[in-house]
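Worksheet: one structure, shown below.
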Amino acid sequence: MAMPVWIKEKLLMKKLLRDELAKFGSSAPPLLFPEHHLSHAASAFYPSPFEAAAILTIDGVGEWATSTIGFGKGHEITILRELDFPHSLGLLYSAFTYYTGFKVNSGEYNLMGLSPYGDPEAEQTQRFQRLILEELVDLRPDGSLLLNMDYFDYATGLTMCRDDRFERLFGIPPRPRESHLTQEYMNMALAIQQVTEEVVLRMADTARELTGAEYLTMAGGVALNCVANGKLLRRNTFKDIYIQPAAGDAGGAVGAALAAWHIDLGKERQVPEGMDAMYGSYLGPEFGADEIHRVIRRHEAPYRHYEDFDELLQDVARLLDQGQVVGWFQGRMEWGPRALGNRSSLGDARNSEMQKHLNLKIKYREGLRRFAPSVLHEETGSFFDRDRPSPCMLLVAPVRAGRCRPLPPDDL
């Protein structure tokens with residue numbers, strides 16, 4: 001089934017690249033093809049603020065690798081362990097993404113967002129978790145795993161899992177997309193999230209044992225599971241963790257370039273001081289006042305120009321306090337699925353209706369989808385049980401008592 005794509009595109013990739021580069025009027029430079037997980041590793045380690053660090057990459061699948069443990073020091077990276085296809089934590093999570101009614105490769109955020117609504121004390125949740133570990137996954141102490149491929153179809157077919165076998169095992173059918181969310185699917189989401197967290201924690205422990213490193217860097221799609229990341233950080237296995245803001249395949253582009261620069265060309269690495277070398281991921285375009293005015297005139301939009309920035313902030317704060325939603329646009333566009341600040345929808349986190357309002361009326365998406373509460377850096381510790389910032393929504397921390405009102409599942 002895959003051969004037409006290979007014959008038309010993938011086998012001709014080198015020629016396609018050379019032909020396109022030739023259009024610029026010069027001979028094509030040597031073409032380098034860093035492996036998928038090496039690119040992930042490079043994207044995590046080289047921009048990090050650490051001189052040396054363990055590297056953990058976890059996703060669906062690259063060429064064959066699905067997870068790697070490596071070590072970075074200076075400008076060198078060494079891959080120490082590798083888990084290969086079809087045994088994949090990322091694909092296991094995606095199978096449950098599909099089964100709970102979300103879209104694979106984009107709905108994993110929904111599955112993670114659904115998991116807190118599961119009941120950890122419920123017999124069904126515990127049974128789901130037990131079945132995953134007894135029937136679907138052979139989880140080893142070092143975090144490596146073997147999947148029972150009798151239940152999955154992604155290796156040779158066109159679907160993530162075998163619906164009939166999943167239904168016989170768990171006792172619930174696959175949830176139709178966009179249908180009402182019931183407690184059983186929330187419990188299933190919690191069960192697979194708990195298993196995922198355990199795998200990540202074990203892999204991180206192994207990375208510490210293999211490398212002896214005090215710091216950890218992470219990339220790959222599973223590194224976007226900010227709930228697991230937060231638990232890993234609070235475990236204090238490492239002094240600190242750096243996660244590539246574009247941890248998914250988009251980040252592989254910058255990783256491939258960094259791998260070519262440091263590994264192939266042998267260029268020395270300058271360890272950034274303080275902030276990482278992504279500089280907050282403000283890598284996209286920005287637009288000045290003239291361009292903004294042209295758009296306003298084109299659409300005949302009403303507007304008010306503020307000369308005094310403090311006056312603008314006061315008015316925005318007043319609107320938020322009144323329950324309004326404000327679209328905030330400034331500076332360069334951010335890169336990565338969790339970036340905050342320069343292209344944001346702002347709402348009052350104290351308003352218990354705001355999450356549902358933003359999801360259903362502004363973003364037109366499921367009511368369960370989460371938002372990041374944005375606070376001043378110096379106020380982090382007064383709101384959250386954490387002593388460091390998370391500017392790209394890559395770490396989840398417990399909210400301090402009295403600072404939140406949970407949304408009942410019935411409101412989803």
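In the structure tokens, the first chain shown is A, the next is B, and so on; residue numbers restart at 1 for each chain, and ligands run from 1 in the order shown.
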Per DSSP on the backbone, filter segment 137-360 of chain A down to the residues in strand (DSSP E) and report them as an MDAnalysis selection string. chainID A and resid 137:139 145:147 215:219 240:243 326:329 343:346
Export N, CA, C and O atoms of the chosen residues as a JSON list (two decimals), in the first residue's frame?
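part.json, freshly written:
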```json
[["chain", "number", "residue", "atom", "x", "y", "z"],
["A", 137, "VAL", "N", 1.00, -4.65, 26.87],
["A", 137, "VAL", "CA", 2.37, -4.16, 27.01],
["A", 137, "VAL", "C", 3.16, -5.04, 27.96],
["A", 137, "VAL", "O", 2.72, -5.31, 29.07],
["A", 138, "ASP", "N", 4.32, -5.48, 27.50],
["A", 138, "ASP", "CA", 5.29, -6.12, 28.39],
["A", 138, "ASP", "C", 6.32, -5.05, 28.74],
["A", 138, "ASP", "O", 7.23, -4.76, 27.96],
["A", 139, "LEU", "N", 6.14, -4.44, 29.91],
["A", 139, "LEU", "CA", 6.98, -3.32, 30.33],
["A", 139, "LEU", "C", 8.14, -3.83, 31.18],
["A", 139, "LEU", "O", 7.93, -4.49, 32.19],
["A", 145, "LEU", "N", 9.86, -1.72, 26.20],
["A", 145, "LEU", "CA", 8.58, -2.41, 26.18],
["A", 145, "LEU", "C", 8.41, -3.20, 24.90],
["A", 145, "LEU", "O", 9.01, -2.89, 23.86],
["A", 146, "LEU", "N", 7.58, -4.23, 25.00],
["A", 146, "LEU", "CA", 7.15, -5.01, 23.85],
["A", 146, "LEU", "C", 5.63, -4.95, 23.80],
["A", 146, "LEU", "O", 4.97, -5.18, 24.80],
["A", 147, "LEU", "N", 5.09, -4.65, 22.62],
["A", 147, "LEU", "CA", 3.64, -4.60, 22.46],
["A", 147, "LEU", "C", 3.14, -5.92, 21.90],
["A", 147, "LEU", "O", 3.80, -6.56, 21.08],
["A", 215, "TYR", "N", 21.60, 16.37, 34.38],
["A", 215, "TYR", "CA", 20.56, 17.09, 33.64],
["A", 215, "TYR", "C", 20.01, 16.21, 32.53],
["A", 215, "TYR", "O", 20.69, 15.32, 32.03],
["A", 216, "LEU", "N", 18.77, 16.50, 32.14],
["A", 216, "LEU", "CA", 18.09, 15.72, 31.11],
["A", 216, "LEU", "C", 17.53, 16.65, 30.05],
["A", 216, "LEU", "O", 16.98, 17.72, 30.37],
["A", 217, "THR", "N", 17.65, 16.25, 28.79],
["A", 217, "THR", "CA", 16.98, 16.95, 27.69],
["A", 217, "THR", "C", 16.06, 15.97, 26.99],
["A", 217, "THR", "O", 16.34, 14.77, 26.93],
["A", 218, "MET", "N", 14.93, 16.47, 26.46],
["A", 218, "MET", "CA", 13.91, 15.60, 25.88],
["A", 218, "MET", "C", 13.37, 16.17, 24.58],
["A", 218, "MET", "O", 13.27, 17.39, 24.41],
["A", 219, "ALA", "N", 13.00, 15.26, 23.67],
["A", 219, "ALA", "CA", 12.33, 15.64, 22.43],
["A", 219, "ALA", "C", 11.56, 14.43, 21.92],
["A", 219, "ALA", "O", 11.62, 13.35, 22.50],
["A", 240, "ASP", "N", 17.57, 19.34, 36.66],
["A", 240, "ASP", "CA", 16.70, 20.15, 35.80],
["A", 240, "ASP", "C", 16.47, 19.42, 34.49],
["A", 240, "ASP", "O", 17.25, 18.52, 34.12],
["A", 241, "ILE", "N", 15.43, 19.80, 33.79],
["A", 241, "ILE", "CA", 15.05, 19.18, 32.52],
["A", 241, "ILE", "C", 14.84, 20.29, 31.49],
["A", 241, "ILE", "O", 14.20, 21.31, 31.79],
["A", 242, "TYR", "N", 15.37, 20.08, 30.29],
["A", 242, "TYR", "CA", 15.08, 20.98, 29.17],
["A", 242, "TYR", "C", 14.36, 20.19, 28.09],
["A", 242, "TYR", "O", 14.82, 19.13, 27.67],
["A", 243, "ILE", "N", 13.22, 20.71, 27.65],
["A", 243, "ILE", "CA", 12.41, 20.07, 26.62],
["A", 243, "ILE", "C", 12.35, 21.00, 25.41],
["A", 243, "ILE", "O", 12.05, 22.19, 25.54],
["A", 326, "VAL", "N", -9.71, 38.53, 24.94],
["A", 326, "VAL", "CA", -8.87, 39.47, 24.21],
["A", 326, "VAL", "C", -7.86, 38.68, 23.37],
["A", 326, "VAL", "O", -7.18, 37.78, 23.87],
["A", 327, "GLY", "N", -7.78, 39.02, 22.10],
["A", 327, "GLY", "CA", -6.74, 38.45, 21.24],
["A", 327, "GLY", "C", -5.48, 39.31, 21.36],
["A", 327, "GLY", "O", -5.52, 40.49, 21.04],
["A", 328, "TRP", "N", -4.39, 38.71, 21.81],
["A", 328, "TRP", "CA", -3.14, 39.46, 22.06],
["A", 328, "TRP", "C", -2.13, 39.12, 20.96],
["A", 328, "TRP", "O", -1.81, 37.97, 20.73],
["A", 329, "PHE", "N", -1.63, 40.17, 20.32],
["A", 329, "PHE", "CA", -0.76, 40.02, 19.14],
["A", 329, "PHE", "C", 0.39, 41.01, 19.30],
["A", 329, "PHE", "O", 0.17, 42.21, 19.37],
["A", 343, "ARG", "N", 1.02, 35.39, 20.46],
["A", 343, "ARG", "CA", -0.20, 35.11, 19.68],
["A", 343, "ARG", "C", -1.13, 34.33, 20.61],
["A", 343, "ARG", "O", -1.14, 33.11, 20.59],
["A", 344, "SER", "N", -1.87, 35.03, 21.44],
["A", 344, "SER", "CA", -2.63, 34.34, 22.49],
["A", 344, "SER", "C", -4.06, 34.85, 22.57],
["A", 344, "SER", "O", -4.34, 36.02, 22.31],
["A", 345, "SER", "N", -4.95, 33.94, 22.94],
["A", 345, "SER", "CA", -6.30, 34.31, 23.35],
["A", 345, "SER", "C", -6.30, 34.41, 24.87],
["A", 345, "SER", "O", -6.01, 33.42, 25.56],
["A", 346, "LEU", "N", -6.60, 35.57, 25.40],
["A", 346, "LEU", "CA", -6.54, 35.81, 26.84],
["A", 346, "LEU", "C", -7.93, 35.80, 27.44],
["A", 346, "LEU", "O", -8.86, 36.40, 26.90]]
```
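Neighbours of Gln244 of chain A closer than or equal to 10 Å, with only C-alpha atoms counted and sequence neighbours fewer than 5 positions away skipped, come out as His40, Ala41, Ala42, Ser43, Ala44, Phe45, Tyr46, Pro47, Ser48, Thr217, Met218, Ala219, Gly220, Ala223, Leu224, Gly251, Gly252, Gly255, Asp276, Met278, Ser281, Gly336, Cys392 and Leu394 of chain A.
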Just-selected residues, all heavy atoms written as a short mmCIF file (atom, residue, chain, number, x, y, z; two decimals), in the first residue's frame:
```cif
data_model
loop_
_atom_site.label_atom_id
_atom_site.label_comp_id
_atom_site.auth_asym_id
_atom_site.auth_seq_id
_atom_site.Cartn_x
_atom_site.Cartn_y
_atom_site.Cartn_z
N HIS A 40 16.03 14.54 16.58
CA HIS A 40 15.33 14.88 17.82
C HIS A 40 16.32 15.15 18.95
O HIS A 40 16.19 16.12 19.71
CB HIS A 40 14.40 13.75 18.23
CG HIS A 40 13.05 13.78 17.57
ND1 HIS A 40 12.35 14.95 17.38
CD2 HIS A 40 12.25 12.77 17.10
CE1 HIS A 40 11.18 14.68 16.80
NE2 HIS A 40 11.11 13.36 16.63
N ALA A 41 17.32 14.26 19.09
CA ALA A 41 18.30 14.41 20.16
C ALA A 41 19.06 15.73 20.02
O ALA A 41 19.29 16.44 21.01
CB ALA A 41 19.26 13.22 20.15
N ALA A 42 19.45 16.06 18.79
CA ALA A 42 20.18 17.30 18.55
C ALA A 42 19.32 18.51 18.86
O ALA A 42 19.79 19.52 19.40
CB ALA A 42 20.68 17.34 17.10
N SER A 43 18.03 18.43 18.52
CA SER A 43 17.13 19.56 18.77
C SER A 43 16.94 19.80 20.26
O SER A 43 16.63 20.92 20.68
CB SER A 43 15.77 19.30 18.11
OG SER A 43 14.98 18.40 18.87
N ALA A 44 17.10 18.76 21.07
CA ALA A 44 16.93 18.90 22.51
C ALA A 44 18.23 19.33 23.19
O ALA A 44 18.23 20.22 24.04
CB ALA A 44 16.45 17.58 23.11
N PHE A 45 19.35 18.70 22.83
CA PHE A 45 20.59 18.95 23.57
C PHE A 45 21.27 20.26 23.18
O PHE A 45 21.63 21.06 24.05
CB PHE A 45 21.57 17.79 23.37
CG PHE A 45 22.91 18.05 23.99
CD1 PHE A 45 23.03 18.19 25.37
CD2 PHE A 45 24.05 18.19 23.20
CE1 PHE A 45 24.27 18.46 25.95
CE2 PHE A 45 25.28 18.46 23.78
CZ PHE A 45 25.40 18.59 25.16
N TYR A 46 21.46 20.50 21.89
CA TYR A 46 22.27 21.65 21.49
C TYR A 46 21.69 22.99 21.93
O TYR A 46 22.43 23.89 22.33
CB TYR A 46 22.52 21.62 19.98
CG TYR A 46 23.45 20.52 19.56
CD1 TYR A 46 23.11 19.62 18.56
CD2 TYR A 46 24.70 20.36 20.17
CE1 TYR A 46 23.96 18.59 18.17
CE2 TYR A 46 25.56 19.33 19.79
CZ TYR A 46 25.19 18.45 18.79
OH TYR A 46 26.04 17.44 18.43
N PRO A 47 20.37 23.22 21.89
CA PRO A 47 19.86 24.50 22.38
C PRO A 47 19.76 24.58 23.91
O PRO A 47 19.47 25.64 24.45
CB PRO A 47 18.45 24.58 21.76
CG PRO A 47 18.39 23.51 20.73
CD PRO A 47 19.32 22.45 21.20
N SER A 48 19.99 23.47 24.60
CA SER A 48 19.79 23.45 26.05
C SER A 48 20.87 24.26 26.76
O SER A 48 21.95 24.49 26.22
CB SER A 48 19.82 22.00 26.57
OG SER A 48 21.14 21.51 26.63
N THR A 217 17.65 16.25 28.79
CA THR A 217 16.98 16.95 27.69
C THR A 217 16.06 15.97 26.99
O THR A 217 16.34 14.77 26.93
CB THR A 217 17.99 17.53 26.69
OG1 THR A 217 18.76 16.46 26.12
CG2 THR A 217 18.93 18.51 27.36
N MET A 218 14.93 16.47 26.46
CA MET A 218 13.91 15.60 25.88
C MET A 218 13.37 16.17 24.58
O MET A 218 13.27 17.39 24.41
CB MET A 218 12.75 15.41 26.87
CG MET A 218 13.11 14.75 28.17
SD MET A 218 11.71 14.67 29.33
CE MET A 218 10.62 13.53 28.44
N ALA A 219 13.00 15.26 23.67
CA ALA A 219 12.33 15.64 22.43
C ALA A 219 11.56 14.43 21.92
O ALA A 219 11.62 13.35 22.50
CB ALA A 219 13.31 16.15 21.38
N GLY A 220 10.84 14.62 20.81
CA GLY A 220 9.93 13.60 20.30
C GLY A 220 8.51 13.93 20.76
O GLY A 220 8.30 14.62 21.76
N ALA A 223 7.41 13.78 24.34
CA ALA A 223 7.95 14.81 25.22
C ALA A 223 7.00 15.99 25.35
O ALA A 223 7.22 16.87 26.20
CB ALA A 223 9.32 15.28 24.71
N LEU A 224 5.95 16.04 24.54
CA LEU A 224 4.92 17.07 24.69
C LEU A 224 3.88 16.68 25.73
O LEU A 224 2.95 17.45 25.98
CB LEU A 224 4.23 17.33 23.34
CG LEU A 224 5.11 17.99 22.27
CD1 LEU A 224 4.41 17.97 20.92
CD2 LEU A 224 5.46 19.43 22.68
N GLY A 251 10.35 20.07 15.17
CA GLY A 251 11.65 20.34 15.77
C GLY A 251 12.77 19.54 15.16
O GLY A 251 13.96 19.89 15.32
N GLY A 252 12.44 18.46 14.45
CA GLY A 252 13.47 17.69 13.77
C GLY A 252 14.21 18.49 12.72
O GLY A 252 15.36 18.20 12.40
N GLY A 255 16.83 20.32 14.53
CA GLY A 255 17.76 19.30 15.00
C GLY A 255 18.66 18.78 13.91
O GLY A 255 19.86 18.55 14.13
N ASP A 276 17.66 29.34 27.09
CA ASP A 276 18.14 28.39 26.09
C ASP A 276 18.40 29.09 24.77
O ASP A 276 18.02 30.24 24.56
CB ASP A 276 17.11 27.26 25.91
CG ASP A 276 15.77 27.76 25.40
OD1 ASP A 276 15.72 28.31 24.28
OD2 ASP A 276 14.77 27.63 26.12
N MET A 278 17.05 28.66 22.03
CA MET A 278 15.86 28.92 21.22
C MET A 278 15.35 30.34 21.43
O MET A 278 14.48 30.81 20.70
CB MET A 278 14.75 27.92 21.57
CG MET A 278 15.09 26.47 21.33
SD MET A 278 15.35 26.05 19.61
CE MET A 278 13.71 26.27 18.97
N SER A 281 11.80 30.79 21.51
CA SER A 281 11.15 30.32 20.28
C SER A 281 10.44 31.43 19.51
O SER A 281 9.51 31.17 18.76
CB SER A 281 10.16 29.18 20.58
OG SER A 281 10.85 28.06 21.07
N GLY A 336 6.26 26.36 17.82
CA GLY A 336 5.98 25.24 18.71
C GLY A 336 4.51 25.20 19.08
O GLY A 336 3.83 26.23 19.12
N CYS A 392 6.59 27.49 27.69
CA CYS A 392 6.00 26.87 26.49
C CYS A 392 5.03 25.75 26.84
O CYS A 392 4.80 24.85 26.03
CB CYS A 392 7.10 26.36 25.56
SG CYS A 392 8.18 27.66 24.94
N LEU A 394 5.20 23.12 28.77
CA LEU A 394 5.80 21.80 28.67
C LEU A 394 5.90 21.09 30.01
O LEU A 394 6.40 19.97 30.08
CB LEU A 394 7.19 21.91 28.03
CG LEU A 394 7.17 22.37 26.57
CD1 LEU A 394 8.57 22.73 26.10
CD2 LEU A 394 6.56 21.31 25.67
#
```
Could you please determine the separation between atom CA of Val399 of chain A and atom CA of Gln129 of chain A in Å, to one decimal place?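 Separation between atom CA of Val399 of chain A and atom CA of Gln129 of chain A: 26.0 Å.
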Write out as a ChimeraX atom specification each polymer residue whose atoms come within 9 Å of Ala191 of chain A, counting only C-alpha atoms; drop sequence neighbours fewer than 3 positions from it. /A:115,118,120,125-130,132,186-188,194-196
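Nearest residue to Thr380 of chain A, choosing from A:Leu312, A:Leu210, A:Ala397, A:Ile69 and counting only C-alpha atoms: A:Ala397.
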If you run DSSP over the backbone, which residues in segment 37-67 of chain A end up alpha helix (DSSP H)? Put them as an MDAnalysis selection string. chainID A and resid 37:45
Show which residues sit within 9 Å of segment 265-269 of chain A, as a ChimeraX atom specification. Count only C-alpha atoms, and ignore same-chain residues fewer than 2 positions away. /A:46,74-76,259-263,271
Find the spatial neighbours of Thr159 of chain A, counting only C-alpha atoms, within a cut-off of 12 Å - ignore same-chain residues fewer than 4 positions away - and output them as a PyMOL selection string. chain A and resi 91+94-99+103-104+151-155+163
